[in-house]
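*Asks:* First the structure, which I've put down as structure tokens, then a few questions once you've had a look.
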Amino acid sequence: MPWDEGLVNSLVYDTPDPKTGRVLGYAKAINEALDIALAHDPGVFVLGQGVDDPGRMFGTTKGLQEKYGAARVFDTPLSEEGMMGVCTGAAMNGMRPVYMHNRPDFILLAFNQLVTHASKYHYMDNGQTTVPMVVWAAIGRGWGSGAQHSQSIQGLLLGVPGLKIVMPSTPYDAKGLMLAAIADNNPVLIFEHRWLMKKDGMVPEGFYTVPLGKGVYRRRGKDITIVGASHALEVALQAAAKLADEGIDAEVIDLRTLKPLDEQIISESLKMTGRLLVVDTGWAMGGVCAEIGCLAAEKWFHYLKAPVRRVGLPDVPTPAGYTLEQFYYPDAQKISGVVREMVKK
Amino acid sequence: MPWDEGLVNSLVYDTPDPKTGRVLGYAKAINEALDIALAHDPGVFVLGQGVDDPGRMFGTTKGLQEKYGAARVFDTPLSEEGMMGVCTGAAMNGMRPVYMHNRPDFILLAFNQLVTHASKYHYMDNGQTTVPMVVWAAIGRGWGSGAQHSQSIQGLLLGVPGLKIVMPSTPYDAKGLMLAAIADNNPVLIFEHRWLMKKDGMVPEGFYTVPLGKGVYRRRGKDITIVGASHALEVALQAAAKLADEGIDAEVIDLRTLKPLDEQIISESLKMTGRLLVVDTGWAMGGVCAEIGCLAAEKWFHYLKAPVRRVGLPDVPTPAGYTLEQFYYPDAQKISGVVREMVKK
Amino acid sequence: MIKYAYSGSGLKDWEGRLAGYDKKFLVRLFRDMLRIRLIEEEIERRYHQDQMKTPIHLVIGQEATSVGCCAALLKEDLLYSSHRTHGNYLAKGGDLKAMLCEMHCRINGCAGSRGGSMHLIDKSVGMAGTSAIVGGAMPIATGAALAAQLQGLDRVSVVFIGDATTEQGVASESLNFAALKRLPVIFFCENNFYSVQSPLATRQPPREIYKWAASYGIASVRVDGTNVLDVHEATREAVARAREGGGATFIEAPVYRFRAHGGAGDDSHTGYRDPAEREAWEKVCPVETYYQFLAKAGLIDATQRERMHAEIMHEVLEAFDYALASPNPEEKDLYTHVYSD
Amino acid sequence: MIKYAYSGSGLKDWEGRLAGYDKKFLVRLFRDMLRIRLIEEEIERRYHQDQMKTPIHLVIGQEATSVGCCAALLKEDLLYSSHRTHGNYLAKGGDLKAMLCEMHCRINGCAGSRGGSMHLIDKSVGMAGTSAIVGGAMPIATGAALAAQLQGLDRVSVVFIGDATTEQGVASESLNFAALKRLPVIFFCENNFYSVQSPLATRQPPREIYKWAASYGIASVRVDGTNVLDVHEATREAVARAREGGGATFIEAPVYRFRAHGGAGDDSHTGYRDPAEREAWEKVCPVETYYQFLAKAGLIDATQRERMHAEIMHEVLEAFDYALASPNPEEKDLYTHVYSD
Ligand SMILES: Cc1ncc(C[n+]2csc(CCOP(=O)(O)OP(=O)(O)O)c2C)c(N)n1
Ligand SMILES: Cc1ncc(C[n+]2csc(CCOP(=O)(O)OP(=O)(O)O)c2C)c(N)n1
Ligand SMILES: [Mg+2]
Ligand SMILES: [Mg+2]
């Protein structure tokens with residue numbers, strides 16, 4: 001059970017103006033995407049622990065079993081490795097599974113199937129087999145989630161050829177990227193963040209996709225480029241707003257997809273600002289921050305006016321207690337502080 | 001069976017001069033380390049698929065079962081996840097398991113125990129529990145190892161707090177780092193490379209350790225800093241020798257341990273050369289190359305005279321055929337080419 | 001509709017069989033169950049106050065398994081647990097104050113506020129460790145048993161698992177290895193028929209869990225998990241087997257949780273199980289049925305029970321006060337013990 | 001000392017039971033086994049020339065399992081395999097030239113030189129995929145069966161595994177899910193008593209593998225893996241069950257590999273198994289015993305066998321020539337098909 005959902009309910013983000021379009025909750029947006037995909041393609045099926053229980057995976061699978069039947073929307077045994085292989089085998093034979101996990105931590109049980117099988121068959125079979133599947137999970141945080149229920153594992157998977165990795169930050173993207181991921185002919189991982197599950201946003205009705213591999217400017221600015229995704233971007237935007245009052249003009253790029261990475265938008269922005277801060281929900285070491293920071297040193301070195309900085313998690317497991325969590329997770333203040341140091345000199 | 005061992009036998013490296021000390025083979029050096037550890041500490045035990053079979057894990061476990069008994073040196077079921085947990089539980093209760101794998105690919109089955117258990121107990125229990133264990137594996141390459149039998153996974157694990165990661169490149173280090181890893185009170189991963197298994201080198205008799213977290217200069221030079229470990233470093237040294245004839249003077253640092261990383265030696269060298277090339281046996285994206293490249297952009301930005309470069313594997317699964325492998329794996333020529341570009345401007 | 005009915009025969013078979021038992025011991029079993037019940041109820045009562053910022057997985061209804069099992073263990077024997085730790089920790093003798101401090105995220109908690117309710121540990125009494133990953137503790141307990149075997153200790157390790165845990169591949173791998181090496185380990189499976197809100201039938205084919213375990217060639221039994229004496233006897237036999245080098249035992253104990261998987265209160269009303277099912281099981285509440293049994297045997301009466309109740313509540317409230325008055329961790333505490341020297 | 005003895009009763013029980021069988025079919029079974037044997041022997045003969053830069057896991061001695069099983073399948077049925085692929089691929093009807101090109105790392109190999117001998121695939125005949133990770137193909141074949149069930153096809157999927165594969169947690173997870181959903185999948189376990197050079201007894205407790213599988217509530221049988229007719233009959237029953245919605249079947253077939261785990265030649269002399277054990281099993285060679293059986297039944301004679309032999313060798317040598325004359329991949333070929341559009 002996502003016991004930290006109670007906590008999630010209490011989170012407030014700036015509420016969008018209904019006049020400019022239809023306002024929908026984040027989980028509901030995902031629910032719409034799944035509904036549309038199931039209706040549109042008989043090959044799509046949705047599985048995962050509790051997708052048909054009263055909680056319905058944060059509500060993302062609400063009503064789907066009633067509408068599409070228990071054969072296409074079903075609960076699974078507690079067998080993450082086995083079910084990942086089952087999805088791979090089904091995907092290799094005309095189906096498009098959407099395998100949902102309550103937390104990314106549980107995907108670590110299935111790394112053999114994900115990293116050594118699903119991501120490689122298309123290549124190993126010389127293109128004869130495709131593995132169109134979506135693996136979805138919601139990152140945990142808070143209320144004692146602790147070291148085993150809060151891991152952001154996108155950094156561990158970034159280097160694995162054949163995978164795509166998506167991390168939405170808005171209801172609009174959550175729906176559009178889910179539909180794009182289901183339509184994609186490769187294994188696509190979608191890492192959501194619990195703290196976005198109750199966020200509201202503009203969400204068009206019906207079918208649309210957000211292309212995989214394309215980032216977007218959330219905020220234009222000339223002083224510094226902040227890149228990231230998911231909830232880390234949410235925090236970065238809060239920091240950017242603060243900084244604006246101080247006359248620091250941050251450009252904020254939402255990558256939306258970490259693999260393939262939209263290098264063009266980062267390079268375009270960095271060319272203007274010359275300063276790069278990478279934020280991520282995961283450990284700063286060896287993951288998303290490291291890859292993008294290295295790209296800057298490698299490909300955009302001559303744009304750089306100052307050292308690259310990264311704001312992610314320290315090289316420490318997640319503590320359970322809320323007091324320690326406050327020190328563990330970087331907040332808008334932490335990010336603003338780093339940005340101030342960067343633009344000072 | 002390490003069928004690519006046949007191939008390994010055919011590899012030749014420059015042979016050391018016996019006059020300057022005792023010359024020993026790589027696998028034999030590891031064998032000595034295990035022998036010493038088993039003799040010295042009754043808590044040490046060695047397990048893994050085939051550690052007592054005629055092949056004896058490349059010979060690294062030769063004679064150990066005869067000497068220390070089947071209770072302390074034993075074969076295991078084909079249950080990587082379970083055995084990793086068994087090792088963790090034994091380590092939590094006064095033992096020092098050395099769990100040996102024929103290939104790192106098989107450790108992916110045990111990521112849940114390794115990443116979410118072994119590496120975290122000491123922290124989760126507030127220091128009450130220690131998990132002194134060594135997980136050893138030999139990277140495969142060649143003779144059709146292919147996508148599922150050749151993976152270098154150090155990059156996937158670099159970001160995981162609580163782990164230590166070792167990658168020796170000489171028989172001397174293989175023995176000294178193994179003894180240091182066994183003595184360490186944390187989970188330590190040792191990734192060897194098959195193509196080093198038959199390498200000869202100077203190896204002192206008896207007990208000695210090579211400290212974890214300390215790199216070493218293999219070659220001093222002023223034009224560029226090349227850092228890496230294991231077989232990637234072997235190739236880098238071949239390149240450096242070539243380059244020397246052309247008057248390009250490369251400094252080559254053997255990291256020996258990737259986590260904790262010896263930042264000091266890299267920074268010291270980079271301060272002199274201003275140019276950094278990172279080499280690794282794994283994928284260039286998101287792993288060891290990315291982390292060190294990012295560190296340069298972050299901490300040593302003002303030393304850098306030119307863009308950082310990385311030479312690892314392309315974002316492609318390993319092909320099985322030898323023709324394709326030749327294009328897949330970077331060689332000394334590839335590295336020299338990159339260095340020439342870097343020092344030119 | 002009741003999907004999973006109680007199939008036991010209660011305590012009546014025991015009426016003639018108390019000869020070998022010390023009366024104090026029989027009463028202690030009741031007190032231990034009552035204590036767990038009262039602690040859980042107090043935690044539940046206060047949970048909505050949000051002082052305990054940690055998940056809780058209450059064992060109300062599952063007291064007999066922890067108490068009956070731990071009563072057959074020595075302090076030196078090791079107990080490994082899952083997310084559902086409270087009963088295991090308390091029955092093994094874990095310190096109550098340290099537990100409540102942990103649940104209140106205080107620095108003096110049993111895990112220094114790093115663990116929370118899913119990581120209750122008290123090494124001084126053999127409460128050795130837990131995993132919040134289902135199945136995670138199974139091979140670890142098996143490894144602890146291997147350590148005992150290699151060290152020549154006659155220590156036994158026990159791991160508590162649930163019905164869904166048997167679906168994890170690592171459960172099979174643990175049984176295989178324990179059977180292969182004849183390890184002194186006891187796999188104690190509390191089959192409460194649900195995984196969060198998923199009933200057994202959506203996760204496993206019709207099969208007997210304990211027979212599956214038996215297919216590895218280890219001793220495997222099913223006992224009534226509401227019956228503290230059955231549980232104790234089965235565990236005692238398993239412990240004896242383990243100490244004599246007879247190897248591992250698997251114990252399946254059908255039992256029912258009266259509350260939601262996590263959090264306070266029952267959630268049957270949400271529809272995944274019939275409230276009537278819970279009510280049926282409440283009729284065989286392990287605490288009450290055993291009290292009636294003891295009373296009938298003249299080993300306890302209402303006044304003694306009230307005194308017990310009062311003593312326990314005094315201890316519990318004091319422990320809560322202690323926890324609430326305890327200090328929070330500071331920033332420097334975040335960075336300690338990532339590595340051991 | 002013989003650790004693992006043949007326990008079957010040979011083909012004699014079949015003497016009176018050939019009524020329902022078409023003679024051509026019975027002879028075809030022999031030809032298919034002989035063909036695999038001859039291909040394996042030719043691969044082995046040439047392996048030391050280092051033209052096939054790929055691991056090989058020969059099935060010499062294990063021909064009856066692949067042939068007997070595949071003879072009960074339709075072309076549309078899917079076969080999944082492990083590292084030990086040769087027999088599976090050939091018995092399912094995989095193209096010989098494409099196989100040998102793959103083993104010679106040529107661009108026109110069945111996997112374009114990306115796979116090697118452990119990844120033989122021929123989708124045109126239902127040779128659907130393999131995994132070089134032990135156990136890796138089990139859940140995948142199970143998922144293929146789920147796809148068939150969801151698509152309303154009466155296609156069956158079969159996965160070949162070894163004795164050690166049953167030690168992998170994912171094996172249990174696959175059986176559990178296949179049993180839960182009554183999937184049209186057949187788990188075919190070739191129990192050759194060894195994993196590389198590790199005997200069964202160092203990896204599993206004394207237990208019957210097929211009984212372990214039965215504990216999941218699926219049909220599970222043991223048949224003589226040297227007896228192509230027993231294998232065929234057991235598979236036919238399993239296929240019928242699967243098509244009728246009766247769900248999964250587990251088949252354990254004791255069998256023996258006459259060669260080393262990998263590479264050319266036998267390695268018994270290294271000491272992990274007694275050469276006398278191999279010799280004992282060679283006496284019940286699946287190819288020879290079946291030939292004697294057919295000859296006795298008057299369905300084949302030496303001249304026919306010689307003609308067959310010649311035909312096959314002609315095909316084999318031609319295929320090797322073809323492979324050796326085939327082009328190598330180029331650098332550009334490395335980068336294709338990392339992702340599918
Ligand atoms: C590998 C893994 N998958 C999923 C979860 C989420 N989860 C936590 S407890 C639980 C239920 C486990 O059921 P069971 O083993 O029967 O124990 P019970 O809660 O009934 O005591 C689940 C699915 C987890 N913690 N670990
Ligand atoms: C997960 C994993 N662990 C180890 C290996 C190395 N390995 C390759 S084949 C093999 C033996 C498997 O034995 P079995 O399943 O009995 O099949 P057999 O080779 O006897 O046909 C092993 C251990 C592997 N490929 N995958
Ligand atoms: Mg349960
Ligand atoms: Mg075998």
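Simple scheme: letters A, B, ... for chains in structure tokens order, numbers from 1 for residues in each chain, numbers from 1 for ligands in the order shown.
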Within 6 Å of ligand 4, counting only C-alpha atoms and all ligand atoms, which protein or nucleic acid residues do you find, written as a PyMOL selection string?
*Replies:* chain D and resi 162-164+191-195
*Asks:* Counting only C-alpha atoms and all ligand atoms, which residues of chain A fall within 10 Å of ligand 1, and what is the closest atom pair for each with its distance in Å at one decimal, ordered by chain and rising number, as CSV?
*Replies:*
```
residue,atom,partner,partner_atom_place_in_ligand_line,distance
A:Met1,CA,ligand 1,7 (N),6.7
A:Pro2,CA,ligand 1,6 (C),8.6
A:Gly48,CA,ligand 1,4 (C),9.8
A:Gln49,CA,ligand 1,23 (C),6.7
A:Gly50,CA,ligand 1,23 (C),8.3
A:Thr76,CA,ligand 1,23 (C),9.8
A:Pro77,CA,ligand 1,23 (C),8.8
A:Leu78,CA,ligand 1,3 (N),5.9
A:Ser79,CA,ligand 1,1 (C),7.4
A:Glu80,CA,ligand 1,1 (C),6.8
A:Glu81,CA,ligand 1,1 (C),9.4
A:His101,CA,ligand 1,4 (C),8.0
A:Asn102,CA,ligand 1,6 (C),7.1
A:Arg103,CA,ligand 1,4 (C),8.0
A:Pro104,CA,ligand 1,3 (N),9.8
A:Asp105,CA,ligand 1,1 (C),7.8
A:Phe106,CA,ligand 1,1 (C),5.0
A:Ile107,CA,ligand 1,1 (C),8.1
A:Leu108,CA,ligand 1,1 (C),8.6
A:Leu109,CA,ligand 1,1 (C),6.9
A:Ala110,CA,ligand 1,1 (C),9.6
A:Gln148,CA,ligand 1,25 (N),8.3
A:His149,CA,ligand 1,25 (N),7.6
```
*Asks:* Rounded to one decimal in Å, what is the spacing between atom CA of B:Gln326 and atom CA of A:Thr129?
*Replies:*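 So the two atoms, atom CA of B:Gln326 and atom CA of A:Thr129, lie 24.8 Å apart.
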*Asks:* Tell me, which residues of stretch 120-323 of chain D carry DSSP helix (DSSP H, G or I), written as a VMD selection string?
*Replies:* chain D and resid 123 to 125 137 to 151 164 to 167 169 to 180 200 to 202 209 to 214 228 to 243 268 to 270 275 to 282 286 to 296 302 to 323
*Asks:* Hey, which of D:Ala91, D:Val59, D:Ala128, D:Ala145 ends up closest to ligand 2? Count only C-alpha atoms and all ligand atoms.
*Replies:* D:Val59
*Asks:* Can you tell me, as a ChimeraX atom specification, what residues are no more than 9 Å from stretch 282-291 of chain A when counting only C-alpha atoms, ignoring any on the same chain fewer than 2 positions away?
*Replies:* /A:151-159,228,232,258,277-280,293-296,309-316 /B:155-161,285-295
*Asks:* Write a file of the just-selected residues containing N, CA and C atoms, as a CSV table (one decimal), in the first residue's frame.
*Replies:*
```
chain,number,residue,atom,x,y,z
A,151,GLN,N,13.8,4.4,-3.6
A,151,GLN,CA,14.9,4.5,-4.6
A,151,GLN,C,14.5,5.0,-5.9
A,152,SER,N,15.3,5.9,-6.5
A,152,SER,CA,15.2,6.4,-7.9
A,152,SER,C,16.2,5.7,-8.7
A,153,ILE,N,15.8,4.7,-9.5
A,153,ILE,CA,16.8,3.9,-10.2
A,153,ILE,C,17.1,4.2,-11.6
A,154,GLN,N,16.6,5.4,-12.1
A,154,GLN,CA,16.8,5.7,-13.5
A,154,GLN,C,18.3,5.8,-13.8
A,155,GLY,N,19.1,6.3,-12.8
A,155,GLY,CA,20.6,6.4,-13.0
A,155,GLY,C,21.2,5.1,-13.2
A,156,LEU,N,20.7,4.0,-12.6
A,156,LEU,CA,21.3,2.7,-12.8
A,156,LEU,C,21.0,2.1,-14.2
A,157,LEU,N,19.9,2.6,-14.8
A,157,LEU,CA,19.5,2.0,-16.1
A,157,LEU,C,19.9,2.9,-17.3
A,158,LEU,N,20.4,4.1,-17.0
A,158,LEU,CA,20.7,5.0,-18.1
A,158,LEU,C,21.7,4.5,-19.1
A,159,GLY,N,22.6,3.7,-18.7
A,159,GLY,CA,23.6,3.2,-19.6
A,159,GLY,C,23.2,2.0,-20.4
A,228,GLY,N,16.5,18.9,-15.8
A,228,GLY,CA,16.1,17.8,-14.9
A,228,GLY,C,14.7,17.3,-15.4
A,232,ALA,N,12.1,16.5,-9.4
A,232,ALA,CA,13.2,17.4,-9.2
A,232,ALA,C,13.0,18.7,-10.0
A,258,LEU,N,14.8,10.7,-20.4
A,258,LEU,CA,16.2,10.7,-20.1
A,258,LEU,C,17.0,9.9,-21.1
A,277,LEU,N,23.2,23.6,-14.4
A,277,LEU,CA,22.9,22.9,-13.2
A,277,LEU,C,22.0,21.7,-13.5
A,278,VAL,N,22.4,20.5,-13.1
A,278,VAL,CA,21.6,19.3,-13.4
A,278,VAL,C,20.9,18.9,-12.1
A,279,VAL,N,19.6,18.6,-12.1
A,279,VAL,CA,18.9,18.1,-10.9
A,279,VAL,C,18.3,16.8,-11.2
A,280,ASP,N,18.2,16.0,-10.2
A,280,ASP,CA,17.6,14.6,-10.4
A,280,ASP,C,17.1,14.2,-9.1
A,293,GLY,N,26.3,16.1,-16.9
A,293,GLY,CA,27.5,17.0,-16.6
A,293,GLY,C,28.6,16.6,-17.5
A,294,CYS,N,28.8,15.3,-17.7
A,294,CYS,CA,29.9,14.9,-18.6
A,294,CYS,C,29.7,15.3,-20.0
A,295,LEU,N,28.5,15.2,-20.5
A,295,LEU,CA,28.2,15.7,-21.8
A,295,LEU,C,28.6,17.2,-22.0
A,296,ALA,N,28.4,18.0,-21.0
A,296,ALA,CA,28.7,19.4,-21.1
A,296,ALA,C,30.2,19.5,-21.2
A,309,ARG,N,27.3,22.1,-12.1
A,309,ARG,CA,26.9,21.6,-10.7
A,309,ARG,C,25.8,20.6,-10.8
A,310,ARG,N,25.7,19.8,-9.9
A,310,ARG,CA,24.6,18.8,-9.8
A,310,ARG,C,24.0,18.8,-8.5
A,311,VAL,N,22.6,18.7,-8.5
A,311,VAL,CA,21.9,18.6,-7.2
A,311,VAL,C,21.0,17.4,-7.3
A,312,GLY,N,21.5,16.4,-6.6
A,312,GLY,CA,20.7,15.1,-6.5
A,312,GLY,C,20.8,14.7,-5.1
A,313,LEU,N,20.7,13.4,-4.8
A,313,LEU,CA,20.8,12.9,-3.5
A,313,LEU,C,22.3,12.6,-3.1
A,314,PRO,N,22.6,12.8,-1.8
A,314,PRO,CA,24.0,12.5,-1.4
A,314,PRO,C,24.3,11.0,-1.5
A,315,ASP,N,25.5,10.6,-1.4
A,315,ASP,CA,25.9,9.2,-1.5
A,315,ASP,C,25.6,8.4,-0.2
A,316,VAL,N,24.3,8.4,0.1
A,316,VAL,CA,23.8,7.9,1.4
A,316,VAL,C,22.4,7.2,1.1
B,155,GLY,N,29.2,0.4,-14.0
B,155,GLY,CA,28.6,1.7,-14.1
B,155,GLY,C,27.2,1.7,-13.6
B,156,LEU,N,26.5,0.5,-13.6
B,156,LEU,CA,25.2,0.5,-13.0
B,156,LEU,C,25.2,0.6,-11.5
B,157,LEU,N,26.3,0.2,-10.9
B,157,LEU,CA,26.4,0.1,-9.4
B,157,LEU,C,27.1,1.3,-8.8
B,158,LEU,N,27.7,2.1,-9.6
B,158,LEU,CA,28.6,3.2,-9.1
B,158,LEU,C,27.8,4.1,-8.2
B,159,GLY,N,26.5,4.4,-8.4
B,159,GLY,CA,25.7,5.3,-7.7
B,159,GLY,C,25.2,4.8,-6.4
B,160,VAL,N,25.3,3.5,-6.2
B,160,VAL,CA,24.7,2.9,-5.0
B,160,VAL,C,25.5,3.1,-3.7
B,161,PRO,N,24.9,3.8,-2.8
B,161,PRO,CA,25.6,4.1,-1.5
B,161,PRO,C,25.9,2.7,-0.7
B,285,MET,N,28.1,5.6,-21.7
B,285,MET,CA,27.0,6.4,-21.2
B,285,MET,C,26.6,6.1,-19.7
B,286,GLY,N,26.5,7.1,-18.9
B,286,GLY,CA,25.9,7.0,-17.6
B,286,GLY,C,26.7,6.1,-16.6
B,287,GLY,N,27.9,5.9,-16.9
B,287,GLY,CA,28.6,5.0,-15.9
B,287,GLY,C,29.9,5.7,-15.4
B,288,VAL,N,31.0,4.9,-15.4
B,288,VAL,CA,32.2,5.3,-14.8
B,288,VAL,C,32.8,6.5,-15.6
B,289,CYS,N,32.8,6.4,-16.9
B,289,CYS,CA,33.3,7.6,-17.7
B,289,CYS,C,32.5,8.8,-17.4
B,290,ALA,N,31.2,8.7,-17.3
B,290,ALA,CA,30.3,9.8,-17.1
B,290,ALA,C,30.6,10.5,-15.7
B,291,GLU,N,30.7,9.7,-14.7
B,291,GLU,CA,31.0,10.2,-13.4
B,291,GLU,C,32.3,11.0,-13.3
B,292,ILE,N,33.3,10.4,-13.8
B,292,ILE,CA,34.6,11.1,-13.8
B,292,ILE,C,34.7,12.3,-14.7
B,293,GLY,N,34.0,12.2,-15.8
B,293,GLY,CA,33.9,13.4,-16.7
B,293,GLY,C,33.2,14.5,-16.1
B,294,CYS,N,32.1,14.1,-15.4
B,294,CYS,CA,31.3,15.2,-14.7
B,294,CYS,C,32.1,15.8,-13.5
B,295,LEU,N,32.8,15.0,-12.8
B,295,LEU,CA,33.7,15.5,-11.7
B,295,LEU,C,34.7,16.6,-12.2
```
*Asks:* Which residues are near ligand 3 in this structure, taking near to mean any atom at most 12 Å from a ligand atom and counting only C-alpha atoms and all ligand atoms? Format them as an MDAnalysis selection string.
*Replies:* (chainID A and resid 77:78) or (chainID C and resid 57 59 62 82:84 134:135 160:167 189:201 203:204 252:257 260:262)
*Asks:* Which residues are near stretch 54-56 of chain A? Cut-off 12 Å, only C-alpha atoms, ignore same chain within fewer than 3 positions. Put them as a PyMOL selection string.
*Replies:* (chain A and resi 1-3+5+27-28+30-31+46-51+59-66+73-75+100-102) or (chain C and resi 196-198+267-273)
*Asks:* I need the chain D residues near chain C as a ChimeraX atom specification; criterion: at most 10 Å, counting only C-alpha atoms.
*Replies:* /D:166-182,201-218
*Asks:* Write the selection just made, keeping C-alpha atoms, as an mmCIF file, in the first residue's frame?
*Replies:*
```
data_model
loop_
_atom_site.group_PDB
_atom_site.id
_atom_site.type_symbol
_atom_site.label_atom_id
_atom_site.label_comp_id
_atom_site.auth_asym_id
_atom_site.auth_seq_id
_atom_site.Cartn_x
_atom_site.Cartn_y
_atom_site.Cartn_z
ATOM 1 C CA THR D 166 14.842 -25.499 -11.687
ATOM 2 C CA GLU D 167 17.092 -23.941 -9.015
ATOM 3 C CA GLN D 168 16.437 -20.468 -10.376
ATOM 4 C CA GLY D 169 13.738 -18.567 -8.537
ATOM 5 C CA VAL D 170 12.223 -17.517 -11.823
ATOM 6 C CA ALA D 171 11.490 -21.186 -12.568
ATOM 7 C CA SER D 172 9.153 -21.283 -9.577
ATOM 8 C CA GLU D 173 7.643 -17.939 -10.503
ATOM 9 C CA SER D 174 6.969 -19.207 -14.030
ATOM 10 C CA LEU D 175 5.296 -22.392 -12.801
ATOM 11 C CA ASN D 176 3.173 -20.440 -10.353
ATOM 12 C CA PHE D 177 1.901 -18.014 -12.989
ATOM 13 C CA ALA D 178 1.395 -20.690 -15.648
ATOM 14 C CA ALA D 179 -0.608 -22.741 -13.147
ATOM 15 C CA LEU D 180 -2.564 -19.706 -11.940
ATOM 16 C CA LYS D 181 -3.684 -18.731 -15.458
ATOM 17 C CA ARG D 182 -3.837 -22.279 -16.846
ATOM 18 C CA ALA D 201 23.678 -33.566 -5.536
ATOM 19 C CA THR D 202 25.771 -30.452 -4.890
ATOM 20 C CA ARG D 203 22.914 -28.205 -5.992
ATOM 21 C CA GLN D 204 19.650 -29.793 -4.944
ATOM 22 C CA PRO D 205 18.468 -31.833 -1.971
ATOM 23 C CA PRO D 206 17.237 -35.351 -2.676
ATOM 24 C CA ARG D 207 13.887 -34.597 -4.292
ATOM 25 C CA GLU D 208 12.066 -35.438 -7.479
ATOM 26 C CA ILE D 209 12.104 -32.484 -9.850
ATOM 27 C CA TYR D 210 8.797 -33.398 -11.471
ATOM 28 C CA LYS D 211 7.128 -33.705 -8.069
ATOM 29 C CA TRP D 212 8.332 -30.248 -7.153
ATOM 30 C CA ALA D 213 6.659 -28.974 -10.320
ATOM 31 C CA ALA D 214 3.513 -30.903 -9.426
ATOM 32 C CA SER D 215 3.328 -28.974 -6.154
ATOM 33 C CA TYR D 216 2.102 -26.014 -8.208
ATOM 34 C CA GLY D 217 -0.957 -28.009 -9.142
ATOM 35 C CA ILE D 218 -0.020 -28.605 -12.760
#
```
*Asks:* Determine, using only C-alpha atoms, which residues of chain D have any atom at most 7 Å from an atom of chain A, and tabulate each with its shortest atom pair and distance in Å to one decimal place, rows ordered by chain and then rising number, as CSV.
*Replies:*
```
residue,atom,partner,partner_atom,distance
D:Ala111,CA,A:Asp125,CA,5.0
D:Gly112,CA,A:Asn126,CA,5.6
D:Arg114,CA,A:Met124,CA,5.2
D:Gly115,CA,A:Met124,CA,5.2
D:Pro139,CA,A:Gly85,CA,4.7
D:Ile140,CA,A:Gly89,CA,3.9
D:Ala141,CA,A:Gly89,CA,5.9
D:Thr142,CA,A:Val86,CA,5.8
D:Gly143,CA,A:Val86,CA,3.7
D:Ala144,CA,A:Gly89,CA,4.7
D:Leu146,CA,A:Ala90,CA,6.4
D:Ala147,CA,A:Ala90,CA,5.0
D:Val170,CA,A:Gly82,CA,5.3
D:Glu173,CA,A:Gly82,CA,5.4
D:Ser174,CA,A:Gly82,CA,5.9
D:His337,CA,A:Gly127,CA,5.2
D:Val338,CA,A:Tyr123,CA,5.3
D:Tyr339,CA,A:Gly162,CA,5.7
D:Ser340,CA,A:Asn185,CA,5.8
D:Asp341,CA,A:Asn185,CA,6.4
```
*Asks:* Which residues are close to C:Tyr291, i.e. within 10 Å by only C-alpha atoms, leaving aside same-chain residues fewer than 6 positions away? Reply as an MDAnalysis selection string.
*Replies:* chainID C and resid 27 29:31 34 285 297 299:302 305
*Asks:* In Å, rounded to a single decimal, give me how far atom CA of C:Glu40 is from atom CA of A:Met57.
*Replies:*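 Here the two named atoms are 27.3 Å from each other.
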*Asks:* If you measure from atom CA of C:Leu96 to atom CA of C:Gly109, what distance in Å do you get, rounded to one decimal?
*Replies:*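 Separation between atom CA of C:Leu96 and atom CA of C:Gly109: 9.9 Å.
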